[in-house]
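Next comes final.pdb, a file with PDB, C-alpha atoms.
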```pdb
ATOM      1  CA  MET C 737    -219.469  41.285 124.078  1.00  0.00           C
ATOM      2  CA  SER C 738    -218.051  40.078 127.366  1.00  0.00           C
ATOM      3  CA  THR C 739    -216.876  42.545 130.021  1.00  0.00           C
ATOM      4  CA  MET C 740    -214.509  39.962 131.481  1.00  0.00           C
ATOM      5  CA  GLY C 741    -210.839  40.046 130.723  1.00  0.00           C
ATOM      6  CA  PRO C 742    -209.025  37.067 129.177  1.00  0.00           C
ATOM      7  CA  LEU C 743    -207.830  35.800 132.564  1.00  0.00           C
ATOM      8  CA  GLN C 744    -211.314  35.977 134.098  1.00  0.00           C
ATOM      9  CA  GLN C 745    -212.849  34.251 131.070  1.00  0.00           C
ATOM     10  CA  ARG C 746    -210.239  31.511 131.282  1.00  0.00           C
ATOM     11  CA  SER C 747    -210.988  31.028 134.992  1.00  0.00           C
ATOM     12  CA  VAL C 748    -214.707  30.716 134.256  1.00  0.00           C
ATOM     13  CA  ASN C 749    -214.017  28.152 131.512  1.00  0.00           C
ATOM     14  CA  ILE C 750    -211.819  26.094 133.848  1.00  0.00           C
ATOM     15  CA  MET C 751    -214.484  26.183 136.564  1.00  0.00           C
ATOM     16  CA  LYS C 752    -217.177  25.056 134.085  1.00  0.00           C
ATOM     17  CA  LEU C 753    -214.931  22.181 132.986  1.00  0.00           C
ATOM     18  CA  PHE C 754    -214.301  21.186 136.614  1.00  0.00           C
ATOM     19  CA  LEU C 755    -217.981  21.271 137.525  1.00  0.00           C
ATOM     20  CA  ALA C 756    -218.988  19.331 134.418  1.00  0.00           C
ATOM     21  CA  ALA C 757    -216.414  16.605 135.142  1.00  0.00           C
ATOM     22  CA  SER C 758    -217.276  16.322 138.829  1.00  0.00           C
ATOM     23  CA  HIS C 759    -221.011  15.648 138.431  1.00  0.00           C
ATOM     24  CA  SER C 760    -222.110  12.314 137.066  1.00  0.00           C
ATOM     25  CA  PRO C 761    -225.773  11.656 136.341  1.00  0.00           C
ATOM     26  CA  ASN C 762    -225.488   8.321 138.181  1.00  0.00           C
ATOM     27  CA  PRO C 763    -223.362   8.339 141.363  1.00  0.00           C
ATOM     28  CA  PHE C 764    -223.194   4.511 141.299  1.00  0.00           C
ATOM     29  CA  ASP C 765    -221.800   4.298 137.766  1.00  0.00           C
ATOM     30  CA  LEU C 766    -218.577   2.273 138.166  1.00  0.00           C
ATOM     31  CA  LYS C 767    -217.328   3.079 134.671  1.00  0.00           C
ATOM     32  CA  ALA C 768    -217.761   6.816 135.304  1.00  0.00           C
ATOM     33  CA  ALA C 769    -215.872   6.514 138.597  1.00  0.00           C
ATOM     34  CA  LEU C 770    -212.997   4.573 137.076  1.00  0.00           C
ATOM     35  CA  LEU C 771    -212.789   6.727 133.962  1.00  0.00           C
ATOM     36  CA  ALA C 772    -213.427  10.074 135.639  1.00  0.00           C
ATOM     37  CA  GLY C 773    -211.790  13.321 134.561  1.00  0.00           C
ATOM     38  CA  HIS C 774    -208.656  12.139 136.360  1.00  0.00           C
ATOM     39  CA  ALA C 775    -206.878   8.961 135.394  1.00  0.00           C
ATOM     40  CA  GLN C 776    -206.210   6.106 137.788  1.00  0.00           C
ATOM     41  CA  HIS C 777    -202.741   5.386 136.375  1.00  0.00           C
ATOM     42  CA  PRO C 778    -201.060   8.599 137.609  1.00  0.00           C
ATOM     43  CA  VAL C 779    -202.403   7.821 141.085  1.00  0.00           C
ATOM     44  CA  ILE C 780    -201.515   4.109 141.219  1.00  0.00           C
ATOM     45  CA  ILE C 781    -198.065   4.343 139.619  1.00  0.00           C
ATOM     46  CA  HIS C 782    -196.585   6.131 142.621  1.00  0.00           C
ATOM     47  CA  PHE C 783    -196.897   3.015 144.796  1.00  0.00           C
ATOM     48  CA  PRO C 784    -194.441   0.708 142.993  1.00  0.00           C
ATOM     49  CA  ILE C 785    -192.073   3.606 142.364  1.00  0.00           C
ATOM     50  CA  ALA C 786    -192.011   4.723 146.013  1.00  0.00           C
ATOM     51  CA  LEU C 787    -191.763   1.163 147.321  1.00  0.00           C
ATOM     52  CA  PHE C 788    -188.893   0.389 144.954  1.00  0.00           C
ATOM     53  CA  ILE C 789    -186.978   3.544 145.891  1.00  0.00           C
ATOM     54  CA  ALA C 790    -187.554   2.807 149.594  1.00  0.00           C
ATOM     55  CA  SER C 791    -186.265  -0.710 149.014  1.00  0.00           C
ATOM     56  CA  ALA C 792    -183.064   0.607 147.424  1.00  0.00           C
ATOM     57  CA  VAL C 793    -182.522   3.102 150.249  1.00  0.00           C
ATOM     58  CA  PHE C 794    -183.056   0.488 152.964  1.00  0.00           C
ATOM     59  CA  GLU C 795    -180.764  -1.956 151.145  1.00  0.00           C
ATOM     60  CA  LEU C 796    -178.009   0.667 151.196  1.00  0.00           C
ATOM     61  CA  LEU C 797    -178.709   1.374 154.878  1.00  0.00           C
ATOM     62  CA  ALA C 798    -178.453  -2.364 155.625  1.00  0.00           C
ATOM     63  CA  VAL C 799    -175.010  -2.514 154.049  1.00  0.00           C
ATOM     64  CA  TRP C 800    -173.801   0.776 155.516  1.00  0.00           C
ATOM     65  CA  ARG C 801    -175.092   0.287 159.078  1.00  0.00           C
ATOM     66  CA  LYS C 802    -174.738  -3.529 159.059  1.00  0.00           C
ATOM     67  CA  GLN C 803    -178.277  -3.870 160.409  1.00  0.00           C
ATOM     68  CA  PRO C 804    -180.227  -6.927 159.192  1.00  0.00           C
ATOM     69  CA  VAL C 805    -183.548  -5.271 160.057  1.00  0.00           C
ATOM     70  CA  PHE C 806    -182.936  -2.752 157.248  1.00  0.00           C
ATOM     71  CA  ALA C 807    -182.405  -5.647 154.827  1.00  0.00           C
ATOM     72  CA  SER C 808    -185.771  -7.097 155.884  1.00  0.00           C
ATOM     73  CA  VAL C 809    -187.481  -3.743 155.391  1.00  0.00           C
ATOM     74  CA  ALA C 810    -185.824  -3.464 151.975  1.00  0.00           C
ATOM     75  CA  TYR C 811    -187.012  -6.930 150.991  1.00  0.00           C
ATOM     76  CA  PHE C 812    -190.631  -6.301 151.960  1.00  0.00           C
ATOM     77  CA  ASN C 813    -190.645  -2.915 150.191  1.00  0.00           C
ATOM     78  CA  LEU C 814    -189.328  -4.633 147.058  1.00  0.00           C
ATOM     79  CA  LEU C 815    -191.981  -7.328 147.416  1.00  0.00           C
ATOM     80  CA  GLY C 816    -194.641  -4.599 147.732  1.00  0.00           C
ATOM     81  CA  ALA C 817    -193.307  -2.918 144.600  1.00  0.00           C
ATOM     82  CA  ALA C 818    -193.457  -6.213 142.689  1.00  0.00           C
ATOM     83  CA  LEU C 819    -197.022  -6.829 143.877  1.00  0.00           C
ATOM     84  CA  THR C 820    -198.245  -3.370 142.832  1.00  0.00           C
ATOM     85  CA  VAL C 821    -196.539  -3.323 139.416  1.00  0.00           C
ATOM     86  CA  PRO C 822    -199.280  -5.406 137.712  1.00  0.00           C
ATOM     87  CA  LEU C 823    -201.940  -2.938 138.873  1.00  0.00           C
ATOM     88  CA  ALA C 824    -199.860  -0.037 137.559  1.00  0.00           C
ATOM     89  CA  ILE C 825    -199.445  -1.804 134.217  1.00  0.00           C
ATOM     90  CA  ALA C 826    -203.164  -2.590 134.040  1.00  0.00           C
ATOM     91  CA  THR C 827    -204.160   1.020 134.737  1.00  0.00           C
ATOM     92  CA  GLY C 828    -201.573   2.229 132.210  1.00  0.00           C
ATOM     93  CA  LEU C 829    -202.988  -0.068 129.541  1.00  0.00           C
ATOM     94  CA  GLY C 830    -206.496   1.060 130.504  1.00  0.00           C
ATOM     95  CA  ALA C 831    -205.487   4.717 130.170  1.00  0.00           C
ATOM     96  CA  TRP C 832    -203.976   3.999 126.771  1.00  0.00           C
ATOM     97  CA  ARG C 833    -207.052   2.073 125.627  1.00  0.00           C
ATOM     98  CA  TRP C 834    -209.811   4.340 126.949  1.00  0.00           C
ATOM     99  CA  GLN C 835    -208.388   7.799 127.558  1.00  0.00           C
ATOM    100  CA  LEU C 836    -206.009   7.852 124.604  1.00  0.00           C
ATOM    101  CA  GLU C 837    -208.529   5.794 122.592  1.00  0.00           C
ATOM    102  CA  GLY C 838    -205.907   3.191 121.674  1.00  0.00           C
ATOM    103  CA  ALA C 839    -203.690   5.745 119.942  1.00  0.00           C
ATOM    104  CA  ALA C 840    -200.933   4.347 117.742  1.00  0.00           C
ATOM    105  CA  LEU C 841    -197.862   3.350 119.711  1.00  0.00           C
ATOM    106  CA  LYS C 842    -195.222   5.728 118.443  1.00  0.00           C
ATOM    107  CA  GLY C 843    -192.899   8.416 119.751  1.00  0.00           C
ATOM    108  CA  ASN C 844    -193.011   9.121 123.486  1.00  0.00           C
ATOM    109  CA  LEU C 845    -195.984   6.795 124.023  1.00  0.00           C
ATOM    110  CA  LEU C 846    -194.085   3.831 122.564  1.00  0.00           C
ATOM    111  CA  LEU C 847    -190.929   4.728 124.480  1.00  0.00           C
ATOM    112  CA  HIS C 848    -192.938   5.116 127.704  1.00  0.00           C
ATOM    113  CA  MET C 849    -194.516   1.692 127.247  1.00  0.00           C
ATOM    114  CA  ILE C 850    -191.160   0.023 126.473  1.00  0.00           C
ATOM    115  CA  CYS C 851    -189.529   1.667 129.499  1.00  0.00           C
ATOM    116  CA  ALA C 852    -192.487   0.772 131.730  1.00  0.00           C
ATOM    117  CA  LEU C 853    -192.362  -2.896 130.770  1.00  0.00           C
ATOM    118  CA  THR C 854    -188.572  -2.903 131.164  1.00  0.00           C
ATOM    119  CA  SER C 855    -188.953  -1.333 134.623  1.00  0.00           C
ATOM    120  CA  ALA C 856    -191.500  -3.981 135.573  1.00  0.00           C
ATOM    121  CA  LEU C 857    -189.239  -6.796 134.399  1.00  0.00           C
ATOM    122  CA  LEU C 858    -186.292  -5.344 136.326  1.00  0.00           C
ATOM    123  CA  ILE C 859    -188.389  -5.076 139.505  1.00  0.00           C
ATOM    124  CA  PHE C 860    -189.590  -8.686 139.105  1.00  0.00           C
ATOM    125  CA  PHE C 861    -186.028  -9.857 138.410  1.00  0.00           C
ATOM    126  CA  LEU C 862    -184.670  -8.026 141.466  1.00  0.00           C
ATOM    127  CA  CYS C 863    -187.456  -9.441 143.636  1.00  0.00           C
ATOM    128  CA  TRP C 864    -186.647 -12.958 142.432  1.00  0.00           C
ATOM    129  CA  MET C 865    -182.919 -12.349 142.921  1.00  0.00           C
ATOM    130  CA  ARG C 866    -183.415 -10.899 146.411  1.00  0.00           C
ATOM    131  CA  SER C 867    -185.734 -13.698 147.525  1.00  0.00           C
ATOM    132  CA  ARG C 868    -183.133 -16.299 146.485  1.00  0.00           C
ATOM    133  CA  LEU C 869    -180.402 -14.428 148.347  1.00  0.00           C
ATOM    134  CA  ARG C 870    -182.667 -14.084 151.374  1.00  0.00           C
ATOM    135  CA  THR C 871    -183.468 -17.807 151.561  1.00  0.00           C
ATOM    136  CA  LYS C 872    -179.732 -18.589 151.415  1.00  0.00           C
ATOM    137  CA  GLY C 873    -178.951 -15.930 154.027  1.00  0.00           C
ATOM    138  CA  ILE C 874    -176.588 -14.085 151.685  1.00  0.00           C
ATOM    139  CA  SER C 875    -176.275 -10.301 151.455  1.00  0.00           C
ATOM    140  CA  PRO C 876    -176.722  -8.749 148.009  1.00  0.00           C
ATOM    141  CA  GLY C 877    -173.557  -8.209 146.037  1.00  0.00           C
ATOM    142  CA  VAL C 878    -172.339  -5.772 143.427  1.00  0.00           C
ATOM    143  CA  ALA C 879    -174.465  -7.351 140.670  1.00  0.00           C
ATOM    144  CA  TYR C 880    -177.658  -6.788 142.674  1.00  0.00           C
ATOM    145  CA  PHE C 881    -176.808  -3.136 143.285  1.00  0.00           C
ATOM    146  CA  ALA C 882    -175.841  -2.649 139.614  1.00  0.00           C
ATOM    147  CA  VAL C 883    -179.230  -3.974 138.462  1.00  0.00           C
ATOM    148  CA  THR C 884    -180.929  -1.828 141.120  1.00  0.00           C
ATOM    149  CA  LEU C 885    -179.161   1.266 139.786  1.00  0.00           C
ATOM    150  CA  LEU C 886    -180.167   0.346 136.230  1.00  0.00           C
ATOM    151  CA  ALA C 887    -183.781  -0.108 137.375  1.00  0.00           C
ATOM    152  CA  LEU C 888    -183.741   3.294 139.102  1.00  0.00           C
ATOM    153  CA  MET C 889    -182.523   4.945 135.885  1.00  0.00           C
ATOM    154  CA  VAL C 890    -185.140   3.205 133.725  1.00  0.00           C
ATOM    155  CA  ILE C 891    -187.900   4.067 136.216  1.00  0.00           C
ATOM    156  CA  THR C 892    -186.776   7.702 136.170  1.00  0.00           C
ATOM    157  CA  LEU C 893    -186.880   7.791 132.366  1.00  0.00           C
ATOM    158  CA  THR C 894    -190.298   6.117 132.375  1.00  0.00           C
ATOM    159  CA  GLY C 895    -191.659   8.696 134.824  1.00  0.00           C
ATOM    160  CA  HIS C 896    -190.215  11.542 132.791  1.00  0.00           C
ATOM    161  CA  LEU C 897    -191.887  10.258 129.630  1.00  0.00           C
ATOM    162  CA  GLY C 898    -195.145   9.755 131.541  1.00  0.00           C
ATOM    163  CA  GLY C 899    -194.953  13.367 132.705  1.00  0.00           C
ATOM    164  CA  ILE C 900    -194.560  14.509 129.118  1.00  0.00           C
ATOM    165  CA  LEU C 901    -197.503  12.381 127.988  1.00  0.00           C
ATOM    166  CA  SER C 902    -199.760  13.602 130.788  1.00  0.00           C
ATOM    167  CA  GLY C 903    -198.935  17.239 130.134  1.00  0.00           C
ATOM    168  CA  VAL C 904    -197.374  17.779 133.561  1.00  0.00           C
ATOM    169  CA  GLU C 905    -193.999  18.585 132.025  1.00  0.00           C
ATOM    170  CA  ARG C 906    -194.554  21.502 129.706  1.00  0.00           C
ATOM    171  CA  ASP C 907    -193.232  25.003 129.228  1.00  0.00           C
ATOM    172  CA  GLN C 908    -193.337  26.714 132.644  1.00  0.00           C
ATOM    173  CA  ARG C 909    -192.344  30.261 131.691  1.00  0.00           C
ATOM    174  CA  PRO C 910    -194.763  32.715 133.361  1.00  0.00           C
ATOM    175  CA  GLU C 911    -195.892  34.200 130.069  1.00  0.00           C
ATOM    176  CA  THR C 912    -196.830  30.742 128.663  1.00  0.00           C
ATOM    177  CA  ARG C 913    -197.885  28.839 131.816  1.00  0.00           C
ATOM    178  CA  GLY C 914    -201.102  26.939 131.240  1.00  0.00           C
ATOM    179  CA  LEU C 915    -201.527  28.032 127.625  1.00  0.00           C
ATOM    180  CA  ASN C 916    -201.674  25.593 124.737  1.00  0.00           C
ATOM    181  CA  SER C 917    -199.895  26.131 121.435  1.00  0.00           C
ATOM    182  CA  ASP C 918    -202.986  27.678 119.779  1.00  0.00           C
ATOM    183  CA  GLU C 919    -203.188  30.375 122.469  1.00  0.00           C
ATOM    184  CA  LEU C 920    -199.471  31.170 122.081  1.00  0.00           C
ATOM    185  CA  ALA C 921    -199.724  31.854 118.328  1.00  0.00           C
TER     186      ALA C 921
END
```

Mind turning this structure into structure tokens?
Amino acid sequence: MSTMGPLQQRSVNIMKLFLAASHSPNPFDLKAALLAGHAQHPVIIHFPIALFIASAVFELLAVWRKQPVFASVAYFNLLGAALTVPLAIATGLGAWRWQLEGAALKGNLLLHMICALTSALLIFFLCWMRSRLRTKGISPGVAYFAVTLLALMVITLTGHLGGILSGVERDQRPETRGLNSDELA
């Protein structure tokens, strides 16, 4: 019989899990590094999202302040987002294949994948659209900003679904924080 309370026992179990995941028998094992206890996708995905949001903000600043330098910053942020999207998609597919063991695409996982691919296509389309406008020396119009707003909404939905899938978005009431459904019963 253990003299530790439930909270202390839980802390010990978490620490054992952390220590087991942090030590690999071979420190040069590339597969172990890439498929460690943490996933690469939640780390990588923030780059295209942040670059795209920065692009939208700088595009609005360029129109509002009538400063062409903001339009240039917006363009290069959008280009950076378009360049990092393939890596985010690749790590997402890798997470699905290896960490979720190729689980059937249904429910939130299917919706997340559809929204992610739609977000990627919208970012590529906006990058293409903006590069054409830039070469002609034309400022973006209402259509560009409408597609940008649509892309922001789809990216937000994609991130929300990703949060649900990763377990980040769960019940946060103090009495249930950190407990799974079996512990609540």

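When the PyMOL selection byres ((chain C and resi 780) around 12) is run on the displayed coordinates, the residues it returns are His774, Ala775, Gln776, His777, Pro778, Val779, Ile781, His782, Phe783, Pro784, Ile785, Ala786, Leu787, Ala817, Thr820, Val821, Pro822, Leu823, Ala824, Ile825, Ala826, Thr827, Gly828 and Ala831 of chain C.
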
Here's the selection I'm unsure about, the PyMOL selection byres ((chain C and resi 851-868) around 10); applied to the file above, which residues does it give, as a compact mmCIF listing (two decimals) with C-alpha atoms, keeping the file's coordinate frame?
```txt
# COMPACT_ATOMS: atom_id res chain seq x y z
CA PRO C 784 -194.44 0.71 142.99
CA ILE C 785 -192.07 3.61 142.36
CA PHE C 788 -188.89 0.39 144.95
CA ALA C 807 -182.40 -5.65 154.83
CA ALA C 810 -185.82 -3.46 151.98
CA TYR C 811 -187.01 -6.93 150.99
CA PHE C 812 -190.63 -6.30 151.96
CA ASN C 813 -190.64 -2.92 150.19
CA LEU C 814 -189.33 -4.63 147.06
CA LEU C 815 -191.98 -7.33 147.42
CA GLY C 816 -194.64 -4.60 147.73
CA ALA C 817 -193.31 -2.92 144.60
CA ALA C 818 -193.46 -6.21 142.69
CA LEU C 819 -197.02 -6.83 143.88
CA THR C 820 -198.24 -3.37 142.83
CA VAL C 821 -196.54 -3.32 139.42
CA PRO C 822 -199.28 -5.41 137.71
CA ALA C 824 -199.86 -0.04 137.56
CA ILE C 825 -199.44 -1.80 134.22
CA GLY C 828 -201.57 2.23 132.21
CA LEU C 845 -195.98 6.80 124.02
CA LEU C 846 -194.08 3.83 122.56
CA LEU C 847 -190.93 4.73 124.48
CA HIS C 848 -192.94 5.12 127.70
CA MET C 849 -194.52 1.69 127.25
CA ILE C 850 -191.16 0.02 126.47
CA LEU C 869 -180.40 -14.43 148.35
CA ARG C 870 -182.67 -14.08 151.37
CA THR C 871 -183.47 -17.81 151.56
CA LYS C 872 -179.73 -18.59 151.42
CA GLY C 873 -178.95 -15.93 154.03
CA ILE C 874 -176.59 -14.08 151.68
CA SER C 875 -176.28 -10.30 151.46
CA PRO C 876 -176.72 -8.75 148.01
CA TYR C 880 -177.66 -6.79 142.67
CA PHE C 881 -176.81 -3.14 143.28
CA VAL C 883 -179.23 -3.97 138.46
CA THR C 884 -180.93 -1.83 141.12
CA LEU C 886 -180.17 0.35 136.23
CA ALA C 887 -183.78 -0.11 137.38
CA LEU C 888 -183.74 3.29 139.10
CA MET C 889 -182.52 4.94 135.88
CA VAL C 890 -185.14 3.20 133.72
CA ILE C 891 -187.90 4.07 136.22
CA THR C 892 -186.78 7.70 136.17
CA LEU C 893 -186.88 7.79 132.37
CA THR C 894 -190.30 6.12 132.38
CA GLY C 895 -191.66 8.70 134.82
CA LEU C 897 -191.89 10.26 129.63
CA GLY C 898 -195.14 9.76 131.54
```

One-decimal distance in Å that lies between atom CA of Leu901 of chain C and atom CA of Ala882 of chain C:
28.8 Å

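Note that atom CA of His896 of chain C and atom CA of Trp834 of chain C are 21.7 Å apart.
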
Emit as lines of an AutoDock Vina configuration file the padded axis-aligned box for all listed atoms of segment 865-875 of chain C, 3 Å per side, with centre and edge lengths in Å to one decimal.
```
center_x = -181.0
center_y = -14.4
center_z = 148.5
size_x = 15.5
size_y = 14.3
size_z = 17.1
```

Would you mind reading off the distance between atom CA of Ser808 of chain C and atom CA of Ala792 of chain C, one decimal, in Å?
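Pair atom CA of Ser808 of chain C / atom CA of Ala792 of chain C returns 11.8 Å.
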